[in-house]
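Raw contents of data-v6.pdb, PDB, C-alpha atoms:
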ATOM      1  CA  MET A 204      81.140 103.206 101.073
ATOM      2  CA  SER A 205      84.681 102.885  99.798
ATOM      3  CA  ALA A 206      85.961  99.870 101.670
ATOM      4  CA  HIS A 207      88.513  98.834  99.075
ATOM      5  CA  TRP A 208      90.806 100.497  96.553
ATOM      6  CA  GLU A 209      88.739  98.944  93.759
ATOM      7  CA  ASP A 210      85.605 100.811  94.958
ATOM      8  CA  VAL A 211      87.168 104.286  94.904
ATOM      9  CA  VAL A 212      85.960 106.371  91.951
ATOM     10  CA  ILE A 213      88.202 108.963  90.274
ATOM     11  CA  GLY A 214      86.460 112.338  90.312
ATOM     12  CA  GLU A 215      84.539 111.598  93.516
ATOM     13  CA  ARG A 216      84.518 114.751  95.638
ATOM     14  CA  LYS A 217      83.554 115.183  99.258
ATOM     15  CA  GLU A 218      82.939 118.276 101.371
ATOM     16  CA  LEU A 219      84.558 117.620 104.744
ATOM     17  CA  GLY A 220      82.970 120.454 106.704
ATOM     18  CA  SER A 221      84.187 123.738 108.059
ATOM     19  CA  TYR A 222      86.309 125.039 110.921
ATOM     20  CA  THR A 223      86.648 128.480 112.507
ATOM     21  CA  PHE A 224      90.123 129.461 113.730
ATOM     22  CA  THR A 225      90.116 131.326 117.050
ATOM     23  CA  GLU A 226      93.116 133.358 118.190
ATOM     24  CA  ASP A 227      93.386 131.095 121.214
ATOM     25  CA  ALA A 228      93.575 127.910 119.095
ATOM     26  CA  ILE A 229      96.090 129.518 116.697
ATOM     27  CA  ILE A 230      98.410 130.549 119.535
ATOM     28  CA  ARG A 231      98.007 127.224 121.362
ATOM     29  CA  PHE A 232      98.986 125.172 118.284
ATOM     30  CA  ALA A 233     101.861 127.461 117.329
ATOM     31  CA  SER A 234     103.261 127.670 120.874
ATOM     32  CA  LYS A 235     103.754 123.932 120.744
ATOM     33  CA  TYR A 236     104.641 123.345 117.077
ATOM     34  CA  ASP A 237     105.509 126.570 115.246
ATOM     35  CA  PRO A 238     106.595 129.272 117.697
ATOM     36  CA  GLN A 239     107.462 131.974 115.154
ATOM     37  CA  PRO A 240     106.574 135.494 116.399
ATOM     38  CA  PHE A 241     103.827 136.099 113.797
ATOM     39  CA  HIS A 242     102.016 132.920 115.005
ATOM     40  CA  VAL A 243     102.334 133.343 118.796
ATOM     41  CA  ASP A 244     102.894 137.006 119.720
ATOM     42  CA  PRO A 245     100.118 139.503 118.830
ATOM     43  CA  GLY A 246     102.426 142.517 119.312
ATOM     44  CA  ALA A 247     105.233 141.152 117.141
ATOM     45  CA  ALA A 248     102.678 139.903 114.594
ATOM     46  CA  ALA A 249     101.169 143.405 114.309
ATOM     47  CA  ARG A 250     104.625 144.770 113.394
ATOM     48  CA  SER A 251     105.324 141.902 110.925
ATOM     49  CA  PRO A 252     104.493 142.008 107.193
ATOM     50  CA  PHE A 253     101.318 140.035 108.046
ATOM     51  CA  GLY A 254      99.972 142.868 110.229
ATOM     52  CA  GLY A 255      98.577 140.507 112.864
ATOM     53  CA  ILE A 256      98.502 136.932 114.141
ATOM     54  CA  ILE A 257      98.177 134.239 111.461
ATOM     55  CA  ALA A 258      97.765 130.482 111.868
ATOM     56  CA  SER A 259     100.688 128.117 111.306
ATOM     57  CA  GLY A 260     100.313 126.462 107.926
ATOM     58  CA  TRP A 261     100.731 123.116 109.685
ATOM     59  CA  HIS A 262      97.682 123.993 111.800
ATOM     60  CA  THR A 263      95.604 124.779 108.689
ATOM     61  CA  ALA A 264      96.664 121.416 107.223
ATOM     62  CA  ALA A 265      96.098 119.446 110.454
ATOM     63  CA  ILE A 266      92.478 120.638 110.508
ATOM     64  CA  TRP A 267      92.040 119.019 107.071
ATOM     65  CA  MET A 268      93.135 115.720 108.649
ATOM     66  CA  LYS A 269      90.755 116.169 111.589
ATOM     67  CA  LEU A 270      87.766 116.796 109.309
ATOM     68  CA  ALA A 271      88.745 113.997 106.921
ATOM     69  CA  VAL A 272      88.850 111.477 109.775
ATOM     70  CA  GLU A 273      85.651 112.760 111.382
ATOM     71  CA  SER A 274      83.773 112.432 108.084
ATOM     72  CA  ARG A 275      85.130 108.889 107.659
ATOM     73  CA  THR A 276      86.692 109.696 104.312
ATOM     74  CA  PHE A 277      88.878 106.634 104.503
ATOM     75  CA  GLY A 278      86.003 104.183 104.791
ATOM     76  CA  PRO A 279      84.951 101.813 107.537
ATOM     77  CA  HIS A 280      88.323 100.064 107.946
ATOM     78  CA  GLU A 281      90.134 103.130 109.171
ATOM     79  CA  ALA A 282      92.677 101.287 111.292
ATOM     80  CA  ALA A 283      93.883  99.486 108.200
ATOM     81  CA  SER A 284      93.372 102.072 105.503
ATOM     82  CA  GLY A 285      94.245 105.549 106.742
ATOM     83  CA  ILE A 286      97.945 104.988 106.142
ATOM     84  CA  SER A 287      99.757 107.556 104.018
ATOM     85  CA  PRO A 288     103.301 107.601 102.631
ATOM     86  CA  GLY A 289     103.239 111.410 102.549
ATOM     87  CA  PHE A 290     101.957 114.372 100.548
ATOM     88  CA  GLU A 291     103.127 116.823  97.889
ATOM     89  CA  ASP A 292     102.659 120.394  96.780
ATOM     90  CA  LEU A 293     101.201 121.782 100.019
ATOM     91  CA  ARG A 294     100.496 125.473  99.408
ATOM     92  CA  TRP A 295      99.610 128.141 101.931
ATOM     93  CA  LEU A 296      98.092 130.672  99.563
ATOM     94  CA  LYS A 297      96.517 133.218 101.913
ATOM     95  CA  PRO A 298      97.123 133.990 105.599
ATOM     96  CA  VAL A 299      94.583 132.454 108.013
ATOM     97  CA  ARG A 300      93.578 135.037 110.624
ATOM     98  CA  PRO A 301      91.598 134.710 113.868
ATOM     99  CA  GLY A 302      87.864 134.452 113.208
ATOM    100  CA  MET A 303      88.246 133.061 109.681
ATOM    101  CA  THR A 304      86.116 130.050 108.745
ATOM    102  CA  LEU A 305      87.519 127.614 106.187
ATOM    103  CA  HIS A 306      85.588 124.995 104.200
ATOM    104  CA  TYR A 307      87.561 121.824 103.516
ATOM    105  CA  SER A 308      87.184 119.303 100.696
ATOM    106  CA  THR A 309      88.854 116.281  99.119
ATOM    107  CA  GLU A 310      88.635 114.853  95.607
ATOM    108  CA  ILE A 311      89.984 111.597  94.191
ATOM    109  CA  THR A 312      92.240 112.476  91.250
ATOM    110  CA  ALA A 313      94.092 109.227  90.486
ATOM    111  CA  LYS A 314      94.606 105.589  91.524
ATOM    112  CA  ARG A 315      97.713 103.509  91.149
ATOM    113  CA  ALA A 316      98.280  99.795  91.711
ATOM    114  CA  LEU A 317     101.543  99.017  93.521
ATOM    115  CA  ALA A 318     103.863  96.400  92.065
ATOM    116  CA  THR A 319     105.514  95.876  95.454
ATOM    117  CA  ARG A 320     102.266  95.699  97.468
ATOM    118  CA  PRO A 321      99.596  93.514  95.841
ATOM    119  CA  ASP A 322      97.398  93.906  98.960
ATOM    120  CA  ARG A 323      97.338  97.737  98.785
ATOM    121  CA  GLY A 324      96.605 100.396  96.185
ATOM    122  CA  LEU A 325      97.548 104.067  96.141
ATOM    123  CA  ILE A 326      94.867 106.758  95.998
ATOM    124  CA  ILE A 327      95.844 110.317  95.024
ATOM    125  CA  THR A 328      93.678 113.190  96.283
ATOM    126  CA  ARG A 329      93.458 116.926  95.689
ATOM    127  CA  ASN A 330      92.597 118.645  98.964
ATOM    128  CA  GLU A 331      91.564 122.229  99.580
ATOM    129  CA  ALA A 332      90.517 124.733 102.199
ATOM    130  CA  ARG A 333      88.506 127.723 100.943
ATOM    131  CA  ASP A 334      87.498 130.930 102.684
ATOM    132  CA  VAL A 335      83.890 132.191 102.796
ATOM    133  CA  GLU A 336      84.421 134.017  99.476
ATOM    134  CA  GLY A 337      85.434 130.718  97.875
ATOM    135  CA  ALA A 338      89.136 131.557  97.421
ATOM    136  CA  VAL A 339      91.540 128.669  97.936
ATOM    137  CA  VAL A 340      93.570 129.325 101.100
ATOM    138  CA  MET A 341      95.401 125.984 101.304
ATOM    139  CA  SER A 342      95.764 123.014  98.962
ATOM    140  CA  PHE A 343      97.818 119.849  98.745
ATOM    141  CA  THR A 344      98.085 116.533  96.939
ATOM    142  CA  GLY A 345      97.464 113.646  99.331
ATOM    143  CA  LYS A 346      98.315 109.957  99.074
ATOM    144  CA  VAL A 347      96.556 107.114 100.877
ATOM    145  CA  LEU A 348      97.261 103.393 100.821
ATOM    146  CA  ALA A 349      93.934 101.571 100.650
ATOM    147  CA  PRO A 350      93.418  97.822 101.082
ATOM    148  CA  ARG A 351      92.673  95.903  97.874
ATOM    149  CA  GLN A 352      89.957  93.329  97.490
ATOM    150  CA  PRO A 353      91.282  89.914  98.410
ATOM    151  CA  GLN A 354      92.265  87.998  95.260
ATOM    152  CA  GLY A 355      90.653  84.599  94.824
ATOM    153  CA  GLY A 356      92.692  81.417  94.722
TER
ATOM    154  CA  MET B  44     128.495 127.350 115.185
ATOM    155  CA  SER B  45     127.359 130.840 114.268
ATOM    156  CA  HIS B  46     123.723 131.070 113.307
ATOM    157  CA  PRO B  47     122.691 132.538 109.984
ATOM    158  CA  VAL B  48     120.748 135.769 110.509
ATOM    159  CA  TYR B  49     120.256 137.365 107.109
ATOM    160  CA  PHE B  50     119.532 135.915 103.679
ATOM    161  CA  GLU B  51     123.188 136.468 102.697
ATOM    162  CA  ASP B  52     124.310 134.080 105.459
ATOM    163  CA  PHE B  53     122.736 131.075 103.707
ATOM    164  CA  TYR B  54     124.321 129.118 100.844
ATOM    165  CA  ALA B  55     123.387 125.961  98.920
ATOM    166  CA  GLY B  56     124.889 122.848 100.503
ATOM    167  CA  GLN B  57     125.019 124.400 104.005
ATOM    168  CA  ARG B  58     124.034 121.948 106.744
ATOM    169  CA  PHE B  59     122.735 122.245 110.291
ATOM    170  CA  ALA B  60     121.854 119.672 112.930
ATOM    171  CA  PHE B  61     119.910 120.347 116.098
ATOM    172  CA  GLY B  62     117.122 119.450 118.460
ATOM    173  CA  HIS B  63     116.194 116.969 121.133
ATOM    174  CA  TYR B  64     112.462 116.314 121.222
ATOM    175  CA  GLU B  65     111.091 113.462 123.310
ATOM    176  CA  VAL B  66     107.757 112.136 122.121
ATOM    177  CA  THR B  67     105.577 110.797 124.931
ATOM    178  CA  LYS B  68     102.533 108.567 124.600
ATOM    179  CA  ASN B  69     100.515 111.436 125.998
ATOM    180  CA  ASP B  70     101.810 113.817 123.262
ATOM    181  CA  ILE B  71     100.690 111.312 120.639
ATOM    182  CA  PHE B  72      97.221 110.920 122.196
ATOM    183  CA  GLU B  73      96.800 114.666 122.677
ATOM    184  CA  PHE B  74      97.636 115.537 119.048
ATOM    185  CA  ALA B  75      95.577 112.637 117.687
ATOM    186  CA  ARG B  76      92.486 113.511 119.747
ATOM    187  CA  GLU B  77      92.497 117.016 118.330
ATOM    188  CA  PHE B  78      93.729 116.506 114.754
ATOM    189  CA  ASP B  79      93.913 112.845 113.690
ATOM    190  CA  PRO B  80      91.569 110.624 115.725
ATOM    191  CA  GLN B  81      92.296 107.361 113.895
ATOM    192  CA  PRO B  82      92.443 104.250 116.091
ATOM    193  CA  HIS B  83      96.130 103.517 115.357
ATOM    194  CA  HIS B  84      97.051 106.893 116.928
ATOM    195  CA  LEU B  85      94.653 106.654 119.891
ATOM    196  CA  ASP B  86      94.077 103.069 120.953
ATOM    197  CA  GLU B  87      96.986 100.769 121.766
ATOM    198  CA  GLU B  88      95.102  97.542 121.068
ATOM    199  CA  ALA B  89      93.810  98.793 117.709
ATOM    200  CA  ALA B  90      97.325 100.069 116.945
ATOM    201  CA  ASP B  91      98.808  96.602 117.565
ATOM    202  CA  ARG B  92      96.425  95.162 114.957
ATOM    203  CA  SER B  93      97.071  97.934 112.399
ATOM    204  CA  LEU B  94      99.440  97.991 109.444
ATOM    205  CA  LEU B  95     101.970  99.977 111.495
ATOM    206  CA  ARG B  96     101.961  97.346 114.303
ATOM    207  CA  GLY B  97     101.898  99.500 117.405
ATOM    208  CA  LEU B  98     101.021 102.993 118.536
ATOM    209  CA  SER B  99     102.432 105.728 116.281
ATOM    210  CA  ALA B 100     102.133 109.499 116.015
ATOM    211  CA  SER B 101     100.080 111.163 113.299
ATOM    212  CA  GLY B 102     102.287 111.999 110.320
ATOM    213  CA  TRP B 103     101.044 115.578 110.636
ATOM    214  CA  GLN B 104     102.452 115.615 114.154
ATOM    215  CA  ALA B 105     105.848 114.454 112.831
ATOM    216  CA  GLY B 106     105.760 117.329 110.340
ATOM    217  CA  ALA B 107     104.727 119.769 113.057
ATOM    218  CA  ILE B 108     107.613 118.601 115.284
ATOM    219  CA  ALA B 109     110.041 119.199 112.394
ATOM    220  CA  MET B 110     108.527 122.672 112.063
ATOM    221  CA  ARG B 111     108.947 123.216 115.806
ATOM    222  CA  LEU B 112     112.627 122.258 115.769
ATOM    223  CA  CYS B 113     113.368 124.486 112.758
ATOM    224  CA  ALA B 114     111.426 127.453 114.162
ATOM    225  CA  GLU B 115     113.165 127.203 117.519
ATOM    226  CA  HIS B 116     116.731 126.532 116.377
ATOM    227  CA  LEU B 117     116.976 128.186 112.954
ATOM    228  CA  LEU B 118     114.134 130.423 111.746
ATOM    229  CA  ASN B 119     113.603 132.407 114.945
ATOM    230  CA  LYS B 120     117.334 133.177 115.123
ATOM    231  CA  ALA B 121     117.306 134.420 111.536
ATOM    232  CA  LYS B 122     115.214 137.089 109.863
ATOM    233  CA  ALA B 123     112.723 134.536 108.570
ATOM    234  CA  ALA B 124     109.399 135.959 107.417
ATOM    235  CA  GLY B 125     107.276 132.966 106.499
ATOM    236  CA  GLY B 126     107.066 130.117 104.027
ATOM    237  CA  ALA B 127     104.512 129.331 101.374
ATOM    238  CA  GLY B 128     104.296 125.567 101.680
ATOM    239  CA  VAL B 129     105.910 122.163 101.411
ATOM    240  CA  GLU B 130     106.977 120.709  98.059
ATOM    241  CA  GLU B 131     107.143 117.183  99.395
ATOM    242  CA  CYS B 132     106.736 115.399 102.721
ATOM    243  CA  ARG B 133     107.538 111.710 103.024
ATOM    244  CA  TRP B 134     106.641 109.707 106.113
ATOM    245  CA  LEU B 135     109.319 107.004 105.998
ATOM    246  CA  LYS B 136     108.917 105.376 109.402
ATOM    247  CA  PRO B 137     106.383 105.738 112.210
ATOM    248  CA  VAL B 138     107.189 107.981 115.195
ATOM    249  CA  ARG B 139     106.705 105.922 118.377
ATOM    250  CA  PRO B 140     106.205 106.771 122.049
ATOM    251  CA  GLY B 141     109.625 107.267 123.646
ATOM    252  CA  ASP B 142     111.308 108.351 120.407
ATOM    253  CA  VAL B 143     113.810 111.168 120.760
ATOM    254  CA  LEU B 144     113.705 113.244 117.593
ATOM    255  CA  ARG B 145     116.372 115.521 116.112
ATOM    256  CA  ILE B 146     116.617 117.273 112.786
ATOM    257  CA  GLU B 147     119.200 117.782 110.067
ATOM    258  CA  VAL B 148     118.714 120.691 107.675
ATOM    259  CA  GLU B 149     120.337 121.117 104.274
ATOM    260  CA  ILE B 150     120.033 124.353 102.317
ATOM    261  CA  LEU B 151     119.024 123.388  98.769
ATOM    262  CA  GLN B 152     118.756 126.712  96.997
ATOM    263  CA  VAL B 153     119.088 130.442  97.711
ATOM    264  CA  THR B 154     117.415 132.967  95.407
ATOM    265  CA  PRO B 155     117.528 136.729  95.917
ATOM    266  CA  HIS B 156     114.358 138.687  95.180
ATOM    267  CA  PRO B 157     114.994 140.828  92.072
ATOM    268  CA  HIS B 158     113.607 144.047  93.588
ATOM    269  CA  ARG B 159     112.839 143.707  97.293
ATOM    270  CA  PRO B 160     115.315 143.444 100.209
ATOM    271  CA  VAL B 161     114.538 139.759 100.787
ATOM    272  CA  GLY B 162     115.598 136.379  99.470
ATOM    273  CA  PHE B 163     114.208 132.853  99.335
ATOM    274  CA  VAL B 164     115.819 129.847 101.012
ATOM    275  CA  LYS B 165     114.645 126.361 100.042
ATOM    276  CA  MET B 166     115.445 123.676 102.612
ATOM    277  CA  LEU B 167     115.486 119.908 103.124
ATOM    278  CA  TRP B 168     114.515 118.893 106.646
ATOM    279  CA  ILE B 169     115.271 115.327 107.753
ATOM    280  CA  LEU B 170     113.735 114.231 111.050
ATOM    281  CA  PHE B 171     115.543 111.356 112.780
ATOM    282  CA  ASN B 172     114.640 109.216 115.738
ATOM    283  CA  GLN B 173     117.410 107.509 117.745
ATOM    284  CA  ARG B 174     117.873 104.917 114.956
ATOM    285  CA  GLU B 175     116.970 106.235 111.520
ATOM    286  CA  GLN B 176     115.271 108.817 109.308
ATOM    287  CA  VAL B 177     111.540 109.049 110.011
ATOM    288  CA  THR B 178     110.346 112.019 107.905
ATOM    289  CA  ARG B 179     111.789 113.991 104.966
ATOM    290  CA  ILE B 180     110.418 117.401 104.074
ATOM    291  CA  VAL B 181     111.357 119.667 101.165
ATOM    292  CA  THR B 182     110.082 123.157 101.903
ATOM    293  CA  THR B 183     109.040 125.716  99.346
ATOM    294  CA  PRO B 184     111.411 128.714  99.534
ATOM    295  CA  ILE B 185     111.211 130.488 102.910
ATOM    296  CA  ILE B 186     111.479 134.300 102.875
ATOM    297  CA  HIS B 187     114.482 135.795 104.712
ATOM    298  CA  ARG B 188     115.363 139.475 105.032
ATOM    299  CA  ARG B 189     118.625 140.760 103.536
ATOM    300  CA  GLY B 190     121.210 142.413 105.753
ATOM    301  CA  HIS B 191     122.328 144.753 102.971
ATOM    302  CA  PRO B 192     119.290 145.880 100.978
TER
END
Could you quickly redo this structure as structure tokens?
Amino acid sequence: MSAHWEDVVIGERKELGSYTFTEDAIIRFASKYDPQPFHVDPGAAARSPFGGIIASGWHTAAIWMKLAVESRTFGPHEAASGISPGFEDLRWLKPVRPGMTLHYSTEITAKRALATRPDRGLIITRNEARDVEGAVVMSFTGKVLAPRQPQGG
Amino acid sequence: MSHPVYFEDFYAGQRFAFGHYEVTKNDIFEFAREFDPQPHHLDEEAADRSLLRGLSASGWQAGAIAMRLCAEHLLNKAKAAGGAGVEECRWLKPVRPGDVLRIEVEILQVTPHPHRPVGFVKMLWILFNQREQVTRIVTTPIIHRRGHP
């Protein structure tokens, strides 16, 4: 149980679970947040370089968040600890098509104390989604601010 | 303002501003239930006690709204053919219920493909609420078709 920044171990890896993208879910997400023809219109998508509907990359990434929260990756004090200043190097490496199942994971790659925030520490993560053949479909570097152990005195 | 259509219509330093997106409490709950069910996005009392002091949208929702505004006002009017990612996304301020969001886009870099009739357009997207910047996104280069292959 990683309640505090001090308890988080570099190299610790967690499988977050899997998710199957249906055409309905892909179109529903994209209609609201990424209405480009190859995400929302099967006919236009078939004529596009992708050859069919593909999921918005933001959808693929949002499912990582869903699975990370559901598996309580951020520890028991979620209301206080699941705060992130952002992410870097998000890559959409392969198109995600209807019916595809992706397996998501997270790994702690670094920790940094913050000079400006003695009550919080930064955790850097490497996050991935892989297809059933094991190829990386999406990856990004995440950042989370975790509470630090209260200092005595 | 004429909209860029082909890759050749973009140049580094070019700027666009558009969008009017009202974020309701219900939008925040709906996104959070499906994609980011942390208490500070779902429960007003828990949100008041959290680090962000009040209900706020998932950062992924802020990014998705920026995507929405760019797709609707820029990419779908041009010959855009997909992007490969995001170099950096910074969540500067929380997005709150009642916020009205708009976006400013700056073209950072244009690179023609050496062989194919396409080019790559790297962009900075800055999402604002009615007061200040809330999210900054640097995209990886987005593919656009050339008008003159």
Mind dumping a table of every chain A residue within 6 Å of chain B, with the nearest atom pair and its distance in Å to one decimal, using all atoms listed in the file, sorted by chain and rising number, as JSON lines?
{"residue": "A:Tyr236", "atom": "CA", "partner": "B:Arg111", "partner_atom": "CA", "distance": 4.5}
{"residue": "A:Asp237", "atom": "CA", "partner": "B:Arg111", "partner_atom": "CA", "distance": 4.8}
{"residue": "A:Ala265", "atom": "CA", "partner": "B:Phe78", "partner_atom": "CA", "distance": 5.7}
{"residue": "A:Met268", "atom": "CA", "partner": "B:Asp79", "partner_atom": "CA", "distance": 5.9}
{"residue": "A:Lys269", "atom": "CA", "partner": "B:Phe78", "partner_atom": "CA", "distance": 4.4}
{"residue": "A:Ala282", "atom": "CA", "partner": "B:Ser93", "partner_atom": "CA", "distance": 5.6}
{"residue": "A:Ala283", "atom": "CA", "partner": "B:Ser93", "partner_atom": "CA", "distance": 5.5}
{"residue": "A:Pro288", "atom": "CA", "partner": "B:Trp134", "partner_atom": "CA", "distance": 5.3}
{"residue": "A:Gly289", "atom": "CA", "partner": "B:Arg133", "partner_atom": "CA", "distance": 4.3}
{"residue": "A:Phe290", "atom": "CA", "partner": "B:Cys132", "partner_atom": "CA", "distance": 5.3}
{"residue": "A:Glu291", "atom": "CA", "partner": "B:Glu131", "partner_atom": "CA", "distance": 4.3}
{"residue": "A:Asp292", "atom": "CA", "partner": "B:Glu130", "partner_atom": "CA", "distance": 4.5}
{"residue": "A:Leu293", "atom": "CA", "partner": "B:Val129", "partner_atom": "CA", "distance": 4.9}
{"residue": "A:Arg294", "atom": "CA", "partner": "B:Gly128", "partner_atom": "CA", "distance": 4.4}
{"residue": "A:Trp295", "atom": "CA", "partner": "B:Ala127", "partner_atom": "CA", "distance": 5.1}
**Q.** Residues returned when the PyMOL selection byres ((chain A and resi 229) around 8) runs on this file, as a ChimeraX atom specification
**A.** /A:224-228,230-233,242-243,257-259,262,301
Q: Taking the file above as input, evaluate the PyMOL selection byres ((chain B and resi 148-155) around 12) and report the hits as a PyMOL selection string.
A: chain B and resi 47+49-62+109-110+112-114+116-118+145-147+156-171+179-192
Q) In Å to one decimal, how far is atom CA of Pro240 of chain A from atom CA of Ala121 of chain B? A)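 Computing it gives 11.8 Å between the two atoms.
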**Q.** Point-to-point distance in Å for atom CA of Phe72 of chain B and atom CA of Asp142 of chain B
**A.**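 Computing the Euclidean distance for atom CA of Asp142 of chain B and atom CA of Phe72 of chain B yields 14.4 Å.
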**Q.** Selection result for the PyMOL selection byres ((chain A and resi 218) around 7) on this file, as a PyMOL selection string
**A.** chain A and resi 216-217+219-220+307-309
Q. Could you state the separation of atom CA of Val211 of chain A and atom CA of Lys314 of chain A in Å, given to one decimal place?
A. 8.3 Å
Considering only C-alpha atoms, return as a short mmCIF file (atom, residue, chain, number, x, y, z; two decimals) with C-alpha atoms, in the coordinates of the input whatever protein or nucleic-acid residues lie within 8 Å of Gly214 of chain A, sequence-local ones (same chain, fewer than 2 positions apart) excluded.
data_model
loop_
_atom_site.label_atom_id
_atom_site.label_comp_id
_atom_site.auth_asym_id
_atom_site.auth_seq_id
_atom_site.Cartn_x
_atom_site.Cartn_y
_atom_site.Cartn_z
CA VAL A 212 85.96 106.37 91.95
CA ARG A 216 84.52 114.75 95.64
CA GLU A 310 88.64 114.85 95.61
CA ILE A 311 89.98 111.60 94.19
CA THR A 312 92.24 112.48 91.25
#
